[in-house]
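Report on the following structure.
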Amino acid sequence: MKAKRSLLSIGFIVLLAVFAVVMVRNSWRTTVVPYDDRVGVYKVPEYGLIDRPKLEWESDYQSLRGEENLPPEQYEVIGYSVEGREIRGYRYGTGDTKLLYVGAIHGGYEWNTALLMYELLDVLESQPHVIPDDVQVLVVPVLNPDGLHRIVEIAERFSPDDAPQFLYATEITDKEALEYGRFNARDIDLNRNFDCEWEPIAVWLHYPVNPGTGPFTEPESIALRDYVLQEQPAAAVFYHSAVPGGGVYGSSCGGVRADGMSTLAQVYGDAAGYPQHEDFAYYAVSGDPGDWLATIDIPAIRIQLPTHTTVDADNNLRAIRAVMNHYATQ
Ligand SMILES: [Zn+2]
C-alpha cells in the first residue's frame, strides 16, 4: 500500500516536471503572435489592401512599363558580398535629407523585394522631378546578392517568371528554404548580424538560423553599416516578405525608438494601405538592422510584402512618395 502510494507520488512529480519543462520551452510563444502550422500562415487579423485613388505619379509610372530606352543606370559599389558580387547603391536627387531603401537582405527567398526596388529605380531614373528639392533617395536594391544569385542565377535584373513561385514559407520545406537563398554564401542570416540585441542563438519562424559569431561579421552587413554611417540618412526602410495583407513594422533597441519612427510607420502604412505594428512580434528577432539604426537615432521601418511573389508596386511606390513628401516638409 505504502509502495503503491509512493509510486503514485513519484509519477505525479514526474508529470509535474514534464509539464514544467514544456511550459518553460514554450513560454516565449505566449508573448508572440503564434504561427499556425495547420494553415501555414501567421494568425494575424485579415486586412484587405485598401483601394485608393491613383496618383499622377502612378499613372506616369504605369505608362513606363515596357519602355526600353531608360537612361543608363549609375551606381556606386558600397561593398562586396562573400562571393565577390557588387553591393550597389543608387542615388537620386541632391537634397540634404537622405532617405534609404534596402531590398533583398534575405536574398532569393524574398526575391520580390529586389523587383520592387528595381521598379523604384526605374521611376526615379525616368521621373527625377518627383523627388522634392531638399530630398535625396538612396536605394540598395539587393543587400544579399549571393542569396539572390543562388535562386535566380543572376544578382541583377530578372523576370519574376525565372524565380520560384511560392506564396508563403510553409509551401517550401526546410532544406528548400535554405536553397532558396535566404542566407549569404556562408549561410548566415544577415538580418540577425547587426548590433542591437545580437544573440548567438537566433531564430527564423521556429528554425534556428546562424547569426554569425558576433555583430557585423559579414561583408554585406559591414557594407550597409559603413554606408549608413557615411550617408547619415534621415530615415530607412527595409523590405521583406511575406505577411498576408502586408505590414509595416516599427523598430527599437532596448525599448528605445528613434525620433520620428512612429510617424514614418504611419505615413508609409497609411499610403500603402498596410496595417502598422509597433514591432515585429511573430517571433524573436535579434540583431536586426532596423533596430540597430535605433541605436544611432535613425528611424527605420520594416515592410512585409503580402506574399513572396507579389511586388505590390503601386501601393509601395505611393508610400515611398508619401515618405519623400513627408520629409520634404520637415
Ligand atoms: Zn526577410
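Here, A, B, ... name the chains of the C-alpha cells in the order displayed, residue numbers run from 1 inside each chain, and ligands are numbered from 1 in the same displayed order.
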
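For ligand 1, the neighbouring protein, DNA and RNA residues, which are those within 10 Å when only C-alpha atoms and all ligand atoms are counted, are Gly103, Ala104, Ile105, His106, Gly107, Tyr109, Glu110, Trp111, Thr113, Arg182, Phe183, Asp189, Leu190, Asn191, Trp204, Phe238, Tyr239, His240, Ser241, Ala242, Arg302, Ile303, Gln304 and Leu305 of chain A.
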
Backbone-only DSSP, strand (DSSP E or B) members of stretch 240-320 of chain A, as a list in words: His240, Ser241, Gly247, Val248, Tyr249, Cys253, Val256, Gln276, His277, Ala300, Ile301, Arg302, Ile303, Gln304 and Leu305 of chain A

What would the file look like if the residues just selected were written as a PDB file, in the first residue's frame with N, CA and C atoms?
ATOM      1  N   HIS A 240      10.913  43.138 -46.760  1.00  0.00           N
ATOM      2  CA  HIS A 240      10.872  41.688 -46.545  1.00  0.00           C
ATOM      3  C   HIS A 240       9.575  41.144 -47.143  1.00  0.00           C
ATOM      4  N   SER A 241       9.478  39.790 -47.162  1.00  0.00           N
ATOM      5  CA  SER A 241       8.204  39.130 -47.456  1.00  0.00           C
ATOM      6  C   SER A 241       8.224  37.782 -46.728  1.00  0.00           C
ATOM      7  N   GLY A 247       2.437  44.567 -44.286  1.00  0.00           N
ATOM      8  CA  GLY A 247       2.533  45.162 -42.956  1.00  0.00           C
ATOM      9  C   GLY A 247       3.717  46.094 -42.830  1.00  0.00           C
ATOM     10  N   VAL A 248       3.574  47.062 -41.915  1.00  0.00           N
ATOM     11  CA  VAL A 248       4.654  47.991 -41.580  1.00  0.00           C
ATOM     12  C   VAL A 248       5.022  47.723 -40.127  1.00  0.00           C
ATOM     13  N   TYR A 249       6.312  47.501 -39.871  1.00  0.00           N
ATOM     14  CA  TYR A 249       6.768  47.151 -38.526  1.00  0.00           C
ATOM     15  C   TYR A 249       7.804  48.158 -38.051  1.00  0.00           C
ATOM     16  N   CYS A 253      15.544  49.628 -30.091  1.00  0.00           N
ATOM     17  CA  CYS A 253      16.593  48.816 -29.479  1.00  0.00           C
ATOM     18  C   CYS A 253      16.533  49.006 -27.975  1.00  0.00           C
ATOM     19  N   VAL A 256      14.096  51.525 -26.871  1.00  0.00           N
ATOM     20  CA  VAL A 256      14.285  52.927 -27.274  1.00  0.00           C
ATOM     21  C   VAL A 256      14.047  53.072 -28.768  1.00  0.00           C
ATOM     22  N   GLN A 276      -0.236  48.825 -39.506  1.00  0.00           N
ATOM     23  CA  GLN A 276       1.006  49.225 -38.830  1.00  0.00           C
ATOM     24  C   GLN A 276       1.135  48.521 -37.484  1.00  0.00           C
ATOM     25  N   HIS A 277       2.359  48.099 -37.191  1.00  0.00           N
ATOM     26  CA  HIS A 277       2.631  47.401 -35.930  1.00  0.00           C
ATOM     27  C   HIS A 277       3.812  48.075 -35.246  1.00  0.00           C
ATOM     28  N   ALA A 300      13.690  53.773 -38.536  1.00  0.00           N
ATOM     29  CA  ALA A 300      13.660  52.749 -39.579  1.00  0.00           C
ATOM     30  C   ALA A 300      12.387  51.926 -39.436  1.00  0.00           C
ATOM     31  N   ILE A 301      11.857  51.479 -40.584  1.00  0.00           N
ATOM     32  CA  ILE A 301      10.706  50.576 -40.559  1.00  0.00           C
ATOM     33  C   ILE A 301      11.005  49.365 -41.434  1.00  0.00           C
ATOM     34  N   ARG A 302      10.328  48.262 -41.107  1.00  0.00           N
ATOM     35  CA  ARG A 302      10.425  47.052 -41.903  1.00  0.00           C
ATOM     36  C   ARG A 302       9.084  46.875 -42.604  1.00  0.00           C
ATOM     37  N   ILE A 303       9.126  46.615 -43.910  1.00  0.00           N
ATOM     38  CA  ILE A 303       7.900  46.368 -44.666  1.00  0.00           C
ATOM     39  C   ILE A 303       7.842  44.885 -45.008  1.00  0.00           C
ATOM     40  N   GLN A 304       6.690  44.269 -44.772  1.00  0.00           N
ATOM     41  CA  GLN A 304       6.459  42.903 -45.236  1.00  0.00           C
ATOM     42  C   GLN A 304       5.491  42.986 -46.414  1.00  0.00           C
ATOM     43  N   LEU A 305       5.938  42.530 -47.581  1.00  0.00           N
ATOM     44  CA  LEU A 305       5.038  42.460 -48.734  1.00  0.00           C
ATOM     45  C   LEU A 305       4.015  41.347 -48.488  1.00  0.00           C
TER      46      LEU A 305
END

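Closest to A:Val77 among A:Glu199, A:Leu224, A:Arg5, A:Lys98 is A:Leu224, based on only C-alpha atoms.
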
Spatial neighbours of A:Val209, 8 Å, only C-alpha atoms, chain gap at least 6 places, as number ranges by chain: A: 188-189, 201-203

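With distances restricted to only C-alpha atoms, A:Tyr207 is the closest residue to A:Ala169 from A:Tyr207, A:Asp96, A:Arg85, A:Phe280.
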
Surrounding residues of A:Leu100 excluding itself and chain neighbours under 3 positions, 7 Å, only C-alpha atoms, as an MDAnalysis selection string: chainID A and resid 137:139 233 235:237

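When atom CA of A:Gln232 is paired with atom CA of A:Gly84, their separation reads 25.6 Å.
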
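Atom pair atom CA of A:Pro164 / atom CA of A:Pro145 has a distance of 16.3 Å (rounded to one decimal).
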
Pick from A:Pro275, A:Gly11, A:Pro160, A:Gly93, whichever lies nearest to A:His129 using only C-alpha atoms: A:Gly93

Near-stretch 287-293 of chain A list (6 Å; only C-alpha atoms; drop same-chain fewer than 4 positions) as a PyMOL selection string: chain A and resi 191-198+251-253+298+300

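When only C-alpha atoms are used to compute distances to A:Arg91, the closest of the residues A:Asp312, A:Ala114, A:Val135, A:Tyr327 turns out to be A:Val135.
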